[in-house]
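The file work04.cif contains mmCIF, C-alpha atoms:
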```
data_coords
#
loop_
_atom_site.label_atom_id
_atom_site.label_comp_id
_atom_site.auth_asym_id
_atom_site.auth_seq_id
_atom_site.Cartn_x
_atom_site.Cartn_y
_atom_site.Cartn_z
CA MET D 1 -65.35 43.28 -21.10
CA SER D 2 -61.98 41.67 -21.90
CA ARG D 3 -58.53 43.21 -21.89
CA ILE D 4 -56.44 41.78 -24.70
CA ALA D 5 -52.71 42.08 -25.34
CA PHE D 6 -51.34 41.41 -28.81
CA LEU D 7 -47.86 39.90 -29.10
CA VAL D 8 -46.23 40.02 -32.54
CA ASP D 9 -43.11 38.02 -33.40
CA GLY D 10 -41.56 40.38 -35.93
CA PHE D 11 -39.24 37.94 -37.68
CA ASN D 12 -41.89 35.24 -38.11
CA LEU D 13 -44.33 37.83 -39.45
CA TYR D 14 -41.78 39.27 -41.89
CA HIS D 15 -40.53 35.93 -43.19
CA ALA D 16 -44.02 34.48 -43.52
CA LEU D 17 -44.91 37.42 -45.77
CA ASP D 18 -41.57 37.43 -47.59
CA HIS D 19 -41.33 33.72 -48.34
CA SER D 20 -44.89 32.87 -49.28
CA THR D 21 -43.60 30.66 -52.11
CA SER D 22 -46.49 28.21 -51.87
CA THR D 23 -48.65 30.74 -53.71
CA PRO D 24 -48.65 31.25 -57.48
CA ASN D 25 -47.38 34.82 -56.95
CA PRO D 26 -44.81 34.69 -54.11
CA LYS D 27 -44.49 38.50 -53.90
CA ARG D 28 -48.23 39.16 -53.52
CA TYR D 29 -47.95 39.52 -49.73
CA ASN D 30 -45.09 42.06 -49.84
CA LYS D 31 -47.59 44.92 -49.49
CA TYR D 32 -48.43 43.65 -45.99
CA LYS D 33 -44.86 44.03 -44.72
CA TRP D 34 -45.78 47.62 -43.77
CA LEU D 35 -48.70 46.61 -41.56
CA ASN D 36 -50.06 49.03 -39.03
CA LEU D 37 -49.96 46.58 -36.12
CA SER D 38 -52.26 48.72 -33.98
CA LYS D 39 -54.97 48.72 -36.67
CA LEU D 40 -54.50 44.99 -37.15
CA ALA D 41 -55.07 44.42 -33.44
CA LYS D 42 -58.19 46.60 -33.47
CA ALA D 43 -59.63 44.46 -36.26
CA TYR D 44 -59.67 41.47 -33.88
CA ILE D 45 -61.52 42.97 -30.93
CA THR D 46 -65.17 43.69 -30.30
CA ALA D 47 -66.73 46.86 -28.96
CA HIS D 48 -66.71 45.24 -25.50
CA ASP D 49 -62.96 44.61 -25.49
CA THR D 50 -60.02 46.88 -24.76
CA ILE D 51 -56.47 46.54 -25.97
CA ALA D 52 -54.04 46.20 -23.07
CA GLY D 53 -51.11 46.67 -25.46
CA VAL D 54 -49.62 45.77 -28.79
CA TYR D 55 -46.08 44.45 -28.44
CA TYR D 56 -43.72 43.94 -31.36
CA PHE D 57 -40.75 41.67 -30.61
CA THR D 58 -37.78 42.12 -32.92
CA THR D 59 -34.08 42.66 -33.39
CA LEU D 60 -32.08 44.47 -36.06
CA ALA D 61 -30.16 42.63 -38.78
CA THR D 62 -27.05 44.76 -38.29
CA TRP D 63 -25.12 43.13 -41.14
CA ASP D 64 -27.32 44.87 -43.76
CA GLN D 65 -27.59 48.62 -43.18
CA ALA D 66 -30.26 49.09 -45.88
CA LYS D 67 -32.51 46.58 -44.12
CA VAL D 68 -31.78 48.20 -40.76
CA ALA D 69 -32.86 51.59 -42.11
CA ARG D 70 -36.14 50.20 -43.49
CA HIS D 71 -36.77 48.24 -40.31
CA LYS D 72 -36.21 51.31 -38.13
CA LEU D 73 -38.67 53.26 -40.30
CA PHE D 74 -41.26 50.49 -39.84
CA ILE D 75 -40.62 50.52 -36.09
CA ARG D 76 -41.00 54.31 -35.82
CA ALA D 77 -44.24 54.23 -37.80
CA ASN D 78 -45.71 51.59 -35.49
CA GLU D 79 -44.44 53.30 -32.34
CA ALA D 80 -46.30 56.41 -33.48
CA GLU D 81 -49.46 54.27 -33.41
CA GLY D 82 -48.83 53.14 -29.83
CA VAL D 83 -47.08 49.83 -30.51
CA GLN D 84 -44.47 48.97 -27.89
CA VAL D 85 -41.27 47.53 -29.32
CA VAL D 86 -39.33 44.90 -27.40
CA TYR D 87 -35.79 44.36 -28.69
CA GLY D 88 -33.98 41.07 -28.47
CA GLU D 89 -30.77 39.86 -30.01
CA PHE D 90 -29.69 37.04 -32.24
CA LYS D 91 -28.43 33.93 -30.58
CA ARG D 92 -24.72 33.54 -31.24
CA LYS D 93 -23.62 30.11 -32.41
CA GLN D 94 -20.17 28.64 -32.51
CA LYS D 95 -19.27 27.25 -35.95
CA ARG D 96 -16.32 25.29 -37.26
CA CYS D 97 -14.91 25.88 -40.74
CA ASN D 98 -14.90 22.64 -42.75
CA LEU D 99 -11.79 23.74 -44.67
CA CYS D 100 -9.43 25.16 -42.04
CA HIS D 101 -11.16 23.74 -38.93
CA LYS D 102 -11.01 27.07 -37.10
CA VAL D 103 -13.81 27.88 -34.71
CA PHE D 104 -15.67 31.18 -34.98
CA TRP D 105 -18.84 32.79 -33.69
CA ARG D 106 -21.74 33.58 -35.96
#
```

Here is the file; what I need is its structure written in the form of structure tokens.
Amino acid sequence: MSRIAFLVDGFNLYHALDHSTSTPNPKRYNKYKWLNLSKLAKAYITAHDTIAGVYYFTTLATWDQAKVARHKLFIRANEAEGVQVVYGEFKRKQKRCNLCHKVFWR
């Protein structure tokens, strides 16, 4: 019997489904953006295995409140199924404006 933990990189999952432009119909994977991550994990184990945990790693895109609201809804739905959410944060980068040469954080 094996204990298996599932680690999901939320942004890579979302963008892989959102930007599947190599297919004839780039929006055909949009329906999978609302995956039940717990059920997905269960599809990959056998009767002899147990799930040690399903972990969803993400952060919120705070600059777009509509996206934040949808993302929080997705998170709550998966938390209700036992998925553990691990929040991170975006890496801040220092940028220089090509026009005025001021430095700012992004």

message = List the spatial neighbours of D:Trp63 as a PyMOL selection string - criterion: any atom at most 12 Å away, only C-alpha atoms, same-chain residues fewer than 4 positions off excluded.
response = chain D and resi 59+67-69+90+106

query = Out of D:Lys39, D:Lys93, D:Lys33, D:Lys102, which residue has the shortest atom-to-atom distance to D:Phe74 when counting all atoms listed in the file?
reply = D:Lys33

request  = Provide the atom CA of D:Ala16 to atom CA of D:Ala61 distance in Å, to one decimal place.
outcome  = 16.8 Å

key: Residues matched by the PyMOL selection byres ((chain D and resi 3) around 8), written as JSON, numbers by chain   = {"D": [1, 2, 4, 5, 49, 50, 51, 52]}

request  = Give me the result of the PyMOL selection byres ((chain D and resi 58) around 9) on this file, residue by residue, as a ChimeraX atom specification.
outcome  = /D:8-11,56-57,59-60,85-89

request  = Could you please determine the separation between atom CA of D:Glu81 and atom CA of D:Tyr14 in Å, to one decimal place?
outcome  =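 Computing the Euclidean distance for atom CA of D:Glu81 and atom CA of D:Tyr14 yields 18.9 Å.
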
task = Tell me, as a PyMOL selection string, which residues lie within 7 Å of D:Val54, counting all atoms listed in the file; anything in the same chain fewer than 2 positions away does not count.
result = chain D and resi 5-7+38+56+83-84

message = What does the structure give for the distance between atom CA of D:Leu73 and atom CA of D:Ala41, in Å to one decimal?
response =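 Answer for the atom CA of D:Leu73 to atom CA of D:Ala41 separation: 19.9 Å.
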
query = Nearest to D:Ala77 among D:Leu37, D:Gly53, D:Leu17, D:Lys27, with distances taken over all atoms listed in the file: which residue is it?
reply = D:Leu37

task = For each of D:Phe104, D:Tyr55, D:Tyr29, D:His48, take the minimum atom-to-atom distance to D:Ile75, counting only C-alpha atoms, then give the residue where this is smallest.
result =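 So, comparing all the options, the nearest one is D:Tyr55.
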
Export chain D, C-alpha atoms, as a short mmCIF file (atom, residue, chain, number, x, y, z; two decimals), in the first residue's frame; it's the structure right above.
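Output file out_23.cif is given in full below:
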```
data_model
loop_
_atom_site.label_atom_id
_atom_site.label_comp_id
_atom_site.auth_asym_id
_atom_site.auth_seq_id
_atom_site.Cartn_x
_atom_site.Cartn_y
_atom_site.Cartn_z
CA MET D 1 0.00 0.00 0.00
CA SER D 2 1.38 3.41 -1.01
CA ARG D 3 0.62 6.82 0.43
CA ILE D 4 0.56 9.43 -2.31
CA ALA D 5 0.51 13.21 -2.05
CA PHE D 6 -0.65 15.29 -5.00
CA LEU D 7 0.94 18.71 -5.53
CA VAL D 8 -0.81 21.04 -7.96
CA ASP D 9 0.82 24.22 -9.29
CA GLY D 10 -2.28 26.35 -9.73
CA PHE D 11 -0.90 28.92 -12.15
CA ASN D 12 0.69 26.36 -14.46
CA LEU D 13 -2.53 24.34 -14.47
CA TYR D 14 -4.69 27.40 -15.20
CA HIS D 15 -2.47 28.81 -17.94
CA ALA D 16 -1.98 25.43 -19.61
CA LEU D 17 -5.76 25.14 -19.89
CA ASP D 18 -6.28 28.79 -20.81
CA HIS D 19 -3.60 29.08 -23.48
CA SER D 20 -3.95 25.79 -25.31
CA THR D 21 -3.50 27.60 -28.64
CA SER D 22 -1.78 24.66 -30.30
CA THR D 23 -5.18 23.02 -30.70
CA PRO D 24 -7.68 23.86 -33.45
CA ASN D 25 -10.14 25.08 -30.79
CA PRO D 26 -8.09 26.97 -28.15
CA LYS D 27 -11.06 27.34 -25.76
CA ARG D 28 -11.94 23.64 -25.69
CA TYR D 29 -10.11 23.10 -22.39
CA ASN D 30 -11.84 25.98 -20.56
CA LYS D 31 -14.36 23.55 -19.06
CA TYR D 32 -11.52 21.92 -17.10
CA LYS D 33 -10.61 25.15 -15.28
CA TRP D 34 -13.17 24.15 -12.62
CA LEU D 35 -11.55 20.79 -11.89
CA ASN D 36 -12.35 18.98 -8.69
CA LEU D 37 -8.72 18.37 -7.73
CA SER D 38 -9.65 15.73 -5.16
CA LYS D 39 -11.51 13.67 -7.77
CA LEU D 40 -8.65 14.12 -10.21
CA ALA D 41 -6.21 12.75 -7.63
CA LYS D 42 -8.49 9.77 -6.92
CA ALA D 43 -8.47 8.91 -10.62
CA TYR D 44 -4.72 8.27 -10.41
CA ILE D 45 -4.59 5.86 -7.48
CA THR D 46 -5.37 2.19 -7.16
CA ALA D 47 -7.47 0.46 -4.53
CA HIS D 48 -4.23 -0.31 -2.66
CA ASP D 49 -3.16 3.32 -2.40
CA THR D 50 -4.19 6.09 -0.04
CA ILE D 51 -4.06 9.81 -0.63
CA ALA D 52 -1.83 11.55 1.91
CA GLY D 53 -3.10 14.93 0.73
CA VAL D 54 -3.97 17.09 -2.22
CA TYR D 55 -2.17 20.43 -2.11
CA TYR D 56 -3.02 23.35 -4.37
CA PHE D 57 -0.30 26.02 -4.57
CA THR D 58 -1.51 29.43 -5.70
CA THR D 59 -1.67 33.16 -5.16
CA LEU D 60 -4.33 35.75 -5.96
CA ALA D 61 -4.03 38.16 -8.89
CA THR D 62 -5.06 41.14 -6.77
CA TRP D 63 -5.00 43.60 -9.69
CA ASP D 64 -8.19 42.08 -11.16
CA GLN D 65 -11.00 41.79 -8.61
CA ALA D 66 -13.27 39.79 -10.95
CA LYS D 67 -10.56 37.14 -11.33
CA VAL D 68 -9.94 37.16 -7.58
CA ALA D 69 -13.63 36.50 -6.92
CA ARG D 70 -13.73 33.56 -9.35
CA HIS D 71 -10.45 32.20 -8.01
CA LYS D 72 -11.70 32.36 -4.41
CA LEU D 73 -14.85 30.49 -5.46
CA PHE D 74 -12.71 27.78 -7.08
CA ILE D 75 -10.58 27.59 -3.94
CA ARG D 76 -13.60 27.27 -1.62
CA ALA D 77 -15.10 24.54 -3.80
CA ASN D 78 -11.87 22.52 -3.68
CA GLU D 79 -11.35 23.13 0.04
CA ALA D 80 -14.82 21.65 0.59
CA GLU D 81 -13.48 18.49 -1.09
CA GLY D 82 -10.49 18.29 1.26
CA VAL D 83 -7.89 20.05 -0.89
CA GLN D 84 -5.35 22.00 1.16
CA VAL D 85 -4.49 25.40 -0.29
CA VAL D 86 -0.98 26.80 0.08
CA TYR D 87 -0.73 30.51 -0.68
CA GLY D 88 2.36 32.14 -2.08
CA GLU D 89 2.98 35.58 -3.50
CA PHE D 90 4.23 37.03 -6.72
CA LYS D 91 7.89 37.82 -6.94
CA ARG D 92 8.39 41.56 -7.09
CA LYS D 93 10.72 42.80 -9.80
CA GLN D 94 12.38 46.14 -10.16
CA LYS D 95 11.76 47.72 -13.58
CA ARG D 96 13.09 50.83 -15.26
CA CYS D 97 10.90 52.98 -17.51
CA ASN D 98 12.45 53.34 -20.97
CA LEU D 99 10.95 56.83 -21.38
CA CYS D 100 11.57 58.59 -18.07
CA HIS D 101 14.20 56.18 -16.65
CA LYS D 102 12.49 56.03 -13.26
CA VAL D 103 12.73 52.80 -11.32
CA PHE D 104 9.60 51.14 -9.97
CA TRP D 105 8.52 47.81 -8.53
CA ARG D 106 6.20 45.50 -10.39
#
```
